[in-house]
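Asker: File name work-v4.pdb; file contents PDB, C-alpha atoms; full text below.
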```
ATOM      1  CA  MET A   1      -6.604   3.773 -15.300
ATOM      2  CA  PRO A   2      -6.068   0.053 -14.568
ATOM      3  CA  SER A   3      -7.609  -2.602 -16.720
ATOM      4  CA  GLU A   4      -9.935  -5.326 -15.486
ATOM      5  CA  ALA A   5      -6.874  -7.574 -15.433
ATOM      6  CA  GLN A   6      -5.495  -5.483 -12.592
ATOM      7  CA  ALA A   7      -8.505  -5.283 -10.294
ATOM      8  CA  GLY A   8     -12.210  -5.823 -10.110
ATOM      9  CA  ALA A   9     -14.371  -3.255  -8.333
ATOM     10  CA  ALA A  10     -17.489  -4.104  -6.344
ATOM     11  CA  ASP A  11     -19.301  -2.463  -3.445
ATOM     12  CA  GLY A  12     -16.797   0.389  -3.437
ATOM     13  CA  LEU A  13     -13.876  -2.004  -2.920
ATOM     14  CA  LEU A  14     -10.949  -2.989  -5.132
ATOM     15  CA  TRP A  15     -10.452  -6.732  -5.452
ATOM     16  CA  PRO A  16      -7.010  -7.416  -6.966
ATOM     17  CA  GLN A  17      -6.992  -9.774  -9.927
ATOM     18  CA  TRP A  18      -3.390 -10.882  -9.636
ATOM     19  CA  ASP A  19      -1.184 -13.888 -10.117
ATOM     20  CA  ALA A  20      -1.647 -15.283  -6.605
ATOM     21  CA  ASP A  21      -2.829 -18.684  -5.431
ATOM     22  CA  ALA A  22      -6.600 -19.098  -5.066
ATOM     23  CA  ARG A  23      -6.085 -19.603  -1.328
ATOM     24  CA  VAL A  24      -4.923 -15.988  -1.021
ATOM     25  CA  GLY A  25      -7.498 -13.284  -0.342
ATOM     26  CA  ALA A  26      -6.820  -9.602  -1.028
ATOM     27  CA  VAL A  27      -8.877  -6.414  -1.056
ATOM     28  CA  MET A  28      -8.413  -2.661  -0.850
ATOM     29  CA  SER A  29     -10.911  -0.131   0.401
ATOM     30  CA  THR A  30     -11.839   3.105  -1.328
ATOM     31  CA  ARG A  31     -13.541   6.073   0.316
ATOM     32  CA  ALA A  32     -17.017   4.668  -0.401
ATOM     33  CA  GLY A  33     -19.275   2.631   1.840
ATOM     34  CA  GLY A  34     -18.764   4.096   5.309
ATOM     35  CA  VAL A  35     -20.450   6.387   7.834
ATOM     36  CA  SER A  36     -17.884   9.165   8.407
ATOM     37  CA  ALA A  37     -18.844  12.777   7.709
ATOM     38  CA  ALA A  38     -16.775  15.166   5.578
ATOM     39  CA  PRO A  39     -13.860  15.600   5.213
ATOM     40  CA  TRP A  40     -13.414  11.920   6.118
ATOM     41  CA  ASP A  41     -16.383  10.755   4.050
ATOM     42  CA  SER A  42     -17.115   8.021   4.097
ATOM     43  CA  LEU A  43     -15.150   4.791   4.702
ATOM     44  CA  ASN A  44     -12.311   6.321   6.704
ATOM     45  CA  LEU A  45     -10.322   3.561   8.414
ATOM     46  CA  GLY A  46      -7.780   5.781  10.188
ATOM     47  CA  LEU A  47      -8.137   6.369  13.931
ATOM     48  CA  ALA A  48      -5.509   9.123  14.144
ATOM     49  CA  VAL A  49      -6.802  11.636  11.576
ATOM     50  CA  GLY A  50      -9.382  13.541  13.642
ATOM     51  CA  ASP A  51     -12.483  11.567  12.720
ATOM     52  CA  ASP A  52     -15.169  10.430  15.190
ATOM     53  CA  PRO A  53     -13.789   7.192  16.749
ATOM     54  CA  ASP A  54     -17.243   5.616  16.758
ATOM     55  CA  ALA A  55     -17.554   6.212  13.017
ATOM     56  CA  VAL A  56     -14.123   4.702  12.392
ATOM     57  CA  THR A  57     -15.004   1.676  14.502
ATOM     58  CA  GLU A  58     -18.098   1.087  12.385
ATOM     59  CA  ASN A  59     -16.116   1.626   9.177
ATOM     60  CA  ARG A  60     -13.516  -0.909  10.280
ATOM     61  CA  ARG A  61     -16.248  -3.382  11.185
ATOM     62  CA  ARG A  62     -17.648  -3.078   7.668
ATOM     63  CA  PHE A  63     -14.249  -3.471   6.055
ATOM     64  CA  VAL A  64     -13.184  -6.438   8.174
ATOM     65  CA  HIS A  65     -16.503  -8.153   7.447
ATOM     66  CA  GLN A  66     -15.329  -8.472   3.840
ATOM     67  CA  LEU A  67     -12.153 -10.287   4.829
ATOM     68  CA  GLY A  68     -13.211 -13.427   6.634
ATOM     69  CA  ALA A  69      -9.953 -13.026   8.562
ATOM     70  CA  ARG A  70      -8.744 -11.405  11.769
ATOM     71  CA  PRO A  71      -7.017  -8.064  11.075
ATOM     72  CA  VAL A  72      -3.638  -7.018  12.424
ATOM     73  CA  TRP A  73      -3.472  -3.211  12.292
ATOM     74  CA  LEU A  74      -0.125  -1.391  12.413
ATOM     75  CA  ARG A  75       1.100   1.924  13.804
ATOM     76  CA  GLN A  76       2.899   3.170  10.715
ATOM     77  CA  VAL A  77       5.854   5.572  10.892
ATOM     78  CA  HIS A  78       7.263   5.559   7.308
ATOM     79  CA  GLY A  79       9.942   3.108   8.375
ATOM     80  CA  THR A  80      11.097  -0.345   7.311
ATOM     81  CA  THR A  81      10.154  -2.570  10.265
ATOM     82  CA  VAL A  82       8.341  -5.763   9.251
ATOM     83  CA  LEU A  83       6.052  -7.449  11.782
ATOM     84  CA  ARG A  84       5.070 -11.103  11.813
ATOM     85  CA  ALA A  85       1.273 -10.978  12.078
ATOM     86  CA  THR A  86      -0.306 -13.615  14.312
ATOM     87  CA  ALA A  87      -3.748 -14.307  15.711
ATOM     88  CA  ALA A  88      -2.563 -13.095  19.110
ATOM     89  CA  LEU A  89      -1.640  -9.695  17.656
ATOM     90  CA  ALA A  90      -5.148  -9.302  16.261
ATOM     91  CA  ASP A  91      -6.283  -8.729  19.848
ATOM     92  CA  ALA A  92      -3.354  -6.494  20.841
ATOM     93  CA  ALA A  93      -2.666  -2.783  20.468
ATOM     94  CA  PRO A  94      -1.125  -1.911  17.088
ATOM     95  CA  GLN A  95       2.651  -2.249  17.029
ATOM     96  CA  VAL A  96       5.045   0.121  15.277
ATOM     97  CA  ALA A  97       5.768  -1.303  11.834
ATOM     98  CA  ASP A  98       5.251  -0.413   8.195
ATOM     99  CA  ALA A  99       4.829  -3.933   6.899
ATOM    100  CA  ALA A 100       3.593  -7.313   8.044
ATOM    101  CA  TRP A 101       3.750 -10.906   6.883
ATOM    102  CA  THR A 102       2.002 -14.056   8.048
ATOM    103  CA  ASP A 103       1.896 -17.773   7.447
ATOM    104  CA  GLU A 104      -1.192 -18.224   9.630
ATOM    105  CA  PRO A 105      -4.460 -18.821   7.769
ATOM    106  CA  GLY A 106      -7.222 -16.464   8.840
ATOM    107  CA  VAL A 107      -4.893 -13.583   9.824
ATOM    108  CA  ALA A 108      -4.962 -10.450   7.647
ATOM    109  CA  CYS A 109      -1.953  -8.191   7.084
ATOM    110  CA  ILE A 110      -3.213  -4.617   6.679
ATOM    111  CA  VAL A 111      -1.575  -1.312   5.724
ATOM    112  CA  GLN A 112      -3.254   2.100   5.608
ATOM    113  CA  VAL A 113      -2.620   4.710   2.925
ATOM    114  CA  ALA A 114      -3.772   8.061   1.551
ATOM    115  CA  ASP A 115      -1.190   8.663  -1.235
ATOM    116  CA  CYS A 116       1.526   6.236  -0.133
ATOM    117  CA  LEU A 117       1.736   2.986  -2.090
ATOM    118  CA  PRO A 118       0.333  -0.265  -0.674
ATOM    119  CA  VAL A 119       2.277  -3.331  -1.827
ATOM    120  CA  LEU A 120       0.771  -6.805  -1.407
ATOM    121  CA  LEU A 121       2.870  -9.952  -1.753
ATOM    122  CA  ALA A 122       1.950 -13.646  -1.951
ATOM    123  CA  ALA A 123       4.215 -16.682  -1.762
ATOM    124  CA  PRO A 124       3.599 -19.630  -4.099
ATOM    125  CA  GLY A 125       0.903 -22.070  -3.063
ATOM    126  CA  GLY A 126      -0.554 -19.510  -0.677
ATOM    127  CA  ARG A 127       2.038 -20.464   1.950
ATOM    128  CA  ALA A 128       2.466 -16.900   3.231
ATOM    129  CA  VAL A 129       1.400 -13.343   2.431
ATOM    130  CA  ALA A 130       2.610  -9.824   3.226
ATOM    131  CA  ALA A 131       1.638  -6.167   2.974
ATOM    132  CA  ALA A 132       3.913  -3.110   2.948
ATOM    133  CA  HIS A 133       3.252   0.625   3.359
ATOM    134  CA  ALA A 134       5.589   2.278   0.852
ATOM    135  CA  GLY A 135       5.781   6.032   0.880
ATOM    136  CA  TRP A 136       8.899   7.410  -0.731
ATOM    137  CA  ARG A 137      10.883   7.332   2.520
ATOM    138  CA  GLY A 138      10.027   3.736   3.277
ATOM    139  CA  LEU A 139      10.545   2.679  -0.316
ATOM    140  CA  ALA A 140      13.942   4.378  -0.517
ATOM    141  CA  GLY A 141      14.834   2.911   2.875
ATOM    142  CA  GLY A 142      14.131  -0.646   1.777
ATOM    143  CA  VAL A 143      10.713  -1.541   3.194
ATOM    144  CA  VAL A 144       9.794  -3.562   0.107
ATOM    145  CA  GLU A 145      13.025  -5.545   0.172
ATOM    146  CA  ALA A 146      12.685  -6.161   3.924
ATOM    147  CA  THR A 147       9.115  -7.366   3.512
ATOM    148  CA  LEU A 148      10.032  -9.616   0.615
ATOM    149  CA  ALA A 149      12.936 -11.110   2.582
ATOM    150  CA  ALA A 150      10.691 -11.850   5.584
ATOM    151  CA  LEU A 151       8.041 -13.421   3.361
ATOM    152  CA  CYS A 152      10.528 -15.603   1.496
ATOM    153  CA  ALA A 153      12.218 -16.737   4.709
ATOM    154  CA  GLY A 154       8.878 -17.633   6.255
ATOM    155  CA  ALA A 155       7.535 -19.415   3.180
ATOM    156  CA  GLY A 156      10.796 -21.060   2.119
ATOM    157  CA  CYS A 157      10.649 -19.610  -1.383
ATOM    158  CA  THR A 158      12.634 -17.365  -3.682
ATOM    159  CA  PRO A 159      11.582 -13.864  -4.820
ATOM    160  CA  GLU A 160      11.145 -15.202  -8.354
ATOM    161  CA  ALA A 161       8.171 -17.258  -7.125
ATOM    162  CA  VAL A 162       6.414 -14.346  -5.377
ATOM    163  CA  SER A 163       3.452 -12.428  -6.813
ATOM    164  CA  ALA A 164       3.066  -8.690  -6.120
ATOM    165  CA  TRP A 165       0.250  -6.171  -6.460
ATOM    166  CA  LEU A 166       0.560  -2.377  -6.297
ATOM    167  CA  GLY A 167      -2.505  -0.468  -5.129
ATOM    168  CA  PRO A 168      -3.631   3.127  -5.647
ATOM    169  CA  CYS A 169      -1.179   5.880  -4.718
ATOM    170  CA  ILE A 170      -0.223   9.400  -5.748
ATOM    171  CA  GLY A 171       0.449   9.230  -9.479
ATOM    172  CA  PRO A 172       3.348  10.377 -11.662
ATOM    173  CA  ARG A 173       1.515  13.526 -12.796
ATOM    174  CA  ARG A 174       0.891  14.660  -9.212
ATOM    175  CA  PHE A 175       3.832  13.593  -7.043
ATOM    176  CA  GLU A 176       5.954  16.747  -7.103
ATOM    177  CA  VAL A 177       9.254  16.275  -5.272
ATOM    178  CA  GLY A 178      12.542  17.989  -4.579
ATOM    179  CA  ALA A 179      16.157  16.917  -4.896
ATOM    180  CA  ASP A 180      16.057  15.120  -1.536
ATOM    181  CA  VAL A 181      13.729  12.485  -2.960
ATOM    182  CA  LEU A 182      15.917  11.928  -6.012
ATOM    183  CA  GLN A 183      18.953  11.554  -3.788
ATOM    184  CA  GLY A 184      17.053   9.061  -1.636
ATOM    185  CA  PHE A 185      16.812   6.832  -4.700
ATOM    186  CA  GLY A 186      20.425   7.352  -5.730
ATOM    187  CA  GLN A 187      19.653   9.802  -8.534
ATOM    188  CA  ALA A 188      21.667  12.951  -9.146
ATOM    189  CA  PRO A 189      19.409  15.929  -9.959
ATOM    190  CA  ALA A 190      21.485  16.854 -13.009
ATOM    191  CA  THR A 191      21.161  13.391 -14.560
ATOM    192  CA  ALA A 192      17.851  12.109 -13.174
ATOM    193  CA  ASP A 193      16.096   9.367 -15.171
ATOM    194  CA  PRO A 194      13.068  11.132 -16.729
ATOM    195  CA  ARG A 195      11.119   7.860 -16.696
ATOM    196  CA  ARG A 196      11.225   7.946 -12.900
ATOM    197  CA  PHE A 197      11.656  11.677 -12.264
ATOM    198  CA  ALA A 198      10.269  13.927 -14.984
ATOM    199  CA  PRO A 199      11.202  17.628 -14.769
ATOM    200  CA  ALA A 200       8.477  19.840 -13.260
ATOM    201  CA  PRO A 201       8.243  23.642 -13.118
ATOM    202  CA  ALA A 202      10.675  25.142 -10.621
ATOM    203  CA  VAL A 203       9.277  26.671  -7.429
ATOM    204  CA  GLY A 204      10.957  29.935  -6.464
ATOM    205  CA  GLY A 205      13.889  29.012  -8.661
ATOM    206  CA  THR A 206      14.303  25.615  -6.973
ATOM    207  CA  PRO A 207      14.185  22.631  -9.354
ATOM    208  CA  ARG A 208      11.298  20.189  -8.941
ATOM    209  CA  TRP A 209      10.385  16.808 -10.446
ATOM    210  CA  TRP A 210       7.364  14.524 -10.913
ATOM    211  CA  ALA A 211       8.159  11.184  -9.281
ATOM    212  CA  ASP A 212       6.678   7.882 -10.477
ATOM    213  CA  LEU A 213       6.193   6.028  -7.193
ATOM    214  CA  PRO A 214       4.724   2.831  -8.706
ATOM    215  CA  GLN A 215       7.619   2.580 -11.165
ATOM    216  CA  LEU A 216      10.137   3.069  -8.376
ATOM    217  CA  ALA A 217       8.456   0.221  -6.498
ATOM    218  CA  ARG A 218       8.515  -1.983  -9.590
ATOM    219  CA  ASP A 219      12.220  -1.244  -9.924
ATOM    220  CA  ARG A 220      12.875  -2.387  -6.354
ATOM    221  CA  LEU A 221      10.769  -5.526  -6.744
ATOM    222  CA  GLN A 222      12.330  -6.474 -10.068
ATOM    223  CA  GLN A 223      15.845  -5.856  -8.788
ATOM    224  CA  ALA A 224      15.045  -8.201  -5.894
ATOM    225  CA  GLY A 225      13.881 -10.891  -8.327
ATOM    226  CA  VAL A 226      10.085 -10.503  -8.368
ATOM    227  CA  GLN A 227       8.760 -11.033 -11.882
ATOM    228  CA  ARG A 228       4.958 -11.066 -11.504
ATOM    229  CA  ILE A 229       3.820  -7.534 -10.631
ATOM    230  CA  GLY A 230       0.314  -6.203 -11.191
ATOM    231  CA  GLY A 231      -1.616  -3.033 -10.432
ATOM    232  CA  GLY A 232      -0.154   0.413  -9.969
ATOM    233  CA  GLY A 233      -2.392   2.312 -12.373
ATOM    234  CA  TRP A 234      -4.536   4.454 -10.072
ATOM    235  CA  CYS A 235      -3.817   8.012  -8.899
ATOM    236  CA  THR A 236      -5.306   8.899  -5.521
ATOM    237  CA  VAL A 237      -4.937  12.639  -6.123
ATOM    238  CA  GLU A 238      -6.703  12.711  -9.467
ATOM    239  CA  ASP A 239      -9.682  10.541  -8.467
ATOM    240  CA  ARG A 240     -11.299  12.573  -5.686
ATOM    241  CA  ALA A 241     -14.582  10.651  -5.819
ATOM    242  CA  ARG A 242     -12.902   7.307  -5.219
ATOM    243  CA  PHE A 243      -9.791   7.840  -3.103
ATOM    244  CA  PHE A 244      -8.566   9.735  -0.059
ATOM    245  CA  SER A 245      -5.487  11.887  -0.726
ATOM    246  CA  TYR A 246      -3.421  13.656   1.905
ATOM    247  CA  ARG A 247      -1.476  15.613  -0.720
ATOM    248  CA  ARG A 248      -4.712  16.905  -2.253
ATOM    249  CA  ASP A 249      -6.863  17.537   0.844
ATOM    250  CA  GLY A 250      -4.654  17.672   3.949
ATOM    251  CA  VAL A 251      -7.307  16.596   6.452
ATOM    252  CA  THR A 252      -8.745  13.386   5.033
ATOM    253  CA  GLY A 253      -9.334   9.713   5.708
ATOM    254  CA  ARG A 254      -7.268   6.596   5.224
ATOM    255  CA  MET A 255      -7.816   3.568   3.018
ATOM    256  CA  ALA A 256      -6.547   0.071   3.743
ATOM    257  CA  ALA A 257      -5.127  -2.788   1.709
ATOM    258  CA  ALA A 258      -5.392  -6.263   3.185
ATOM    259  CA  VAL A 259      -4.054  -9.688   2.272
ATOM    260  CA  TRP A 260      -4.635 -13.015   4.014
ATOM    261  CA  MET A 261      -4.550 -16.786   3.641
ATOM    262  CA  ARG A 262      -7.960 -18.362   3.530
ATOM    263  CA  GLY A 263      -8.604 -20.744   6.418
TER     264      GLY A 263
END
```
Would you encode the structure as structure tokens?
Answerer:
Amino acid sequence: MPSEAQAGAADGLLWPQWDADARVGAVMSTRAGGVSAAPWDSLNLGLAVGDDPDAVTENRRRFVHQLGARPVWLRQVHGTTVLRATAALADAAPQVADAAWTDEPGVACIVQVADCLPVLLAAPGGRAVAAAHAGWRGLAGGVVEATLAALCAGAGCTPEAVSAWLGPCIGPRRFEVGADVLQGFGQAPATADPRRFAPAPAVGGTPRWWADLPQLARDRLQQAGVQRIGGGGWCTVEDRARFFSYRRDGVTGRMAAAVWMRG
């Protein structure tokens, strides 16, 4: 479990304690504090998972109330597209993207997850912020690098000056994968790094591995030059009371991670 240095918890929310400027706000929801009935109980923020739309609308209202910023929601497809979030987009239909960045105070970049990894980024001085939805496909495809590049270009900074925070995701004792995932990260099954892909019991004679998604994200961030990385210690599958998990439950809700520049 994460230490208090990684996040503070209050009112069912995770408030990252990270190396970002004081002008940067960041928060992540858990499953607590909403009005949705099971199996989406209770703070489900996803509109496309079968829940009552009125309940989701109320849940989103409660979540956004904590931000003090206008949210830009995305239509996520496990890709690598990075959207520039603006105040105008806060009033528009969600666009297809798996990451967003902004240099506008009062605009919140938001990604939804239920086992995938949320990655929050902040430029020095609070000049710009970004959020990325990093499942294994997006991570292997370069969504973190694309988001970092957009943030740095917009803020006029280098990756070495950026702060990153990794939220809850499926953990390394629960993320069972096949050879396709290893190959997506450039690992040969016969020589896979056990620190990233630990051997798991075979299924029907087919080899399987336990993948460490947070570590794979840290690898990508560090290779790109990011040095200040916090979080990454929560497993959504193992903590049923606190987190939604698609891998564990199938039909379930969605959590959200948000980052913004204070006005």
Asker: To one decimal place in Å, what is the distance between atom CA of A:Cys109 and atom CA of A:Asp91?
Answerer: 13.5 Å
Asker: Looking at A:Glu238, A:Glu176, A:Asp19, A:Asp193, which one is nearest to A:Trp209, with distances taken over all atoms listed in the file?
Answerer: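 Looking only at the distances to A:Trp209, the closest residue turns out to be A:Glu176.
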Asker: Got a sec to resolve the PyMOL selection byres ((chain A and resi 98) around 9) on this structure and send the residues as a ChimeraX atom specification?
Answerer: /A:74-83,96-97,99-100,111,131-134,138,143
Asker: Go through A:Ala224, A:Val162, A:Ala48, A:Ala211 and flag the residue nearest A:Glu145, using only C-alpha atoms for the distances.
Answerer: A:Ala224
Asker: Residues picked by the PyMOL selection byres ((chain A and resi 57) around 12) here, as a ChimeraX atom specification?
Answerer: /A:34-36,43-47,51-56,58-64
Asker: If you apply the PyMOL selection byres ((chain A and resi 228) around 6) to this file, what residues do you get, as a compact mmCIF listing (two decimals) with C-alpha atoms, in the frame of the given file?
Answerer:
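For reference, out15.txt as written:
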```txt
# COMPACT_ATOMS: atom_id res chain seq x y z
CA SER A 163 3.45 -12.43 -6.81
CA GLN A 227 8.76 -11.03 -11.88
CA ILE A 229 3.82 -7.53 -10.63
```
Asker: Here is a test: counting all atoms listed in the file, which residue of A:Ala241, A:Ala85, A:Ala192, A:Ala258 is nearest to A:Val119?
Answerer: A:Ala258
Asker: Calculate how many Å separate atom CA of A:Ala22 from atom CA of A:Leu216, rounding to one decimal.
Answerer: 28.0 Å
Asker: Go ahead and compute the interatomic distance for atom CA of A:Arg262 and atom CA of A:Thr236, in Å to one decimal.
Answerer: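 Going from atom CA of A:Arg262 over to atom CA of A:Thr236 covers 28.8 Å.
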Asker: Starting from the point (-5.7, -10.1, 17.1), work out which residues of protein, DNA or RNA have an atom no more than 10 Å away when counting only C-alpha atoms; state them as a ChimeraX atom specification.
Answerer: /A:69-73,85-94,107-108
Asker: Measuring atom to atom with all atoms listed in the file, identify which of A:Leu139, A:Ala164, A:Ile110, A:Ala257 is nearest to A:Ala123.
Answerer: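 For A:Ala123, the nearest of the given residues is A:Ala164.
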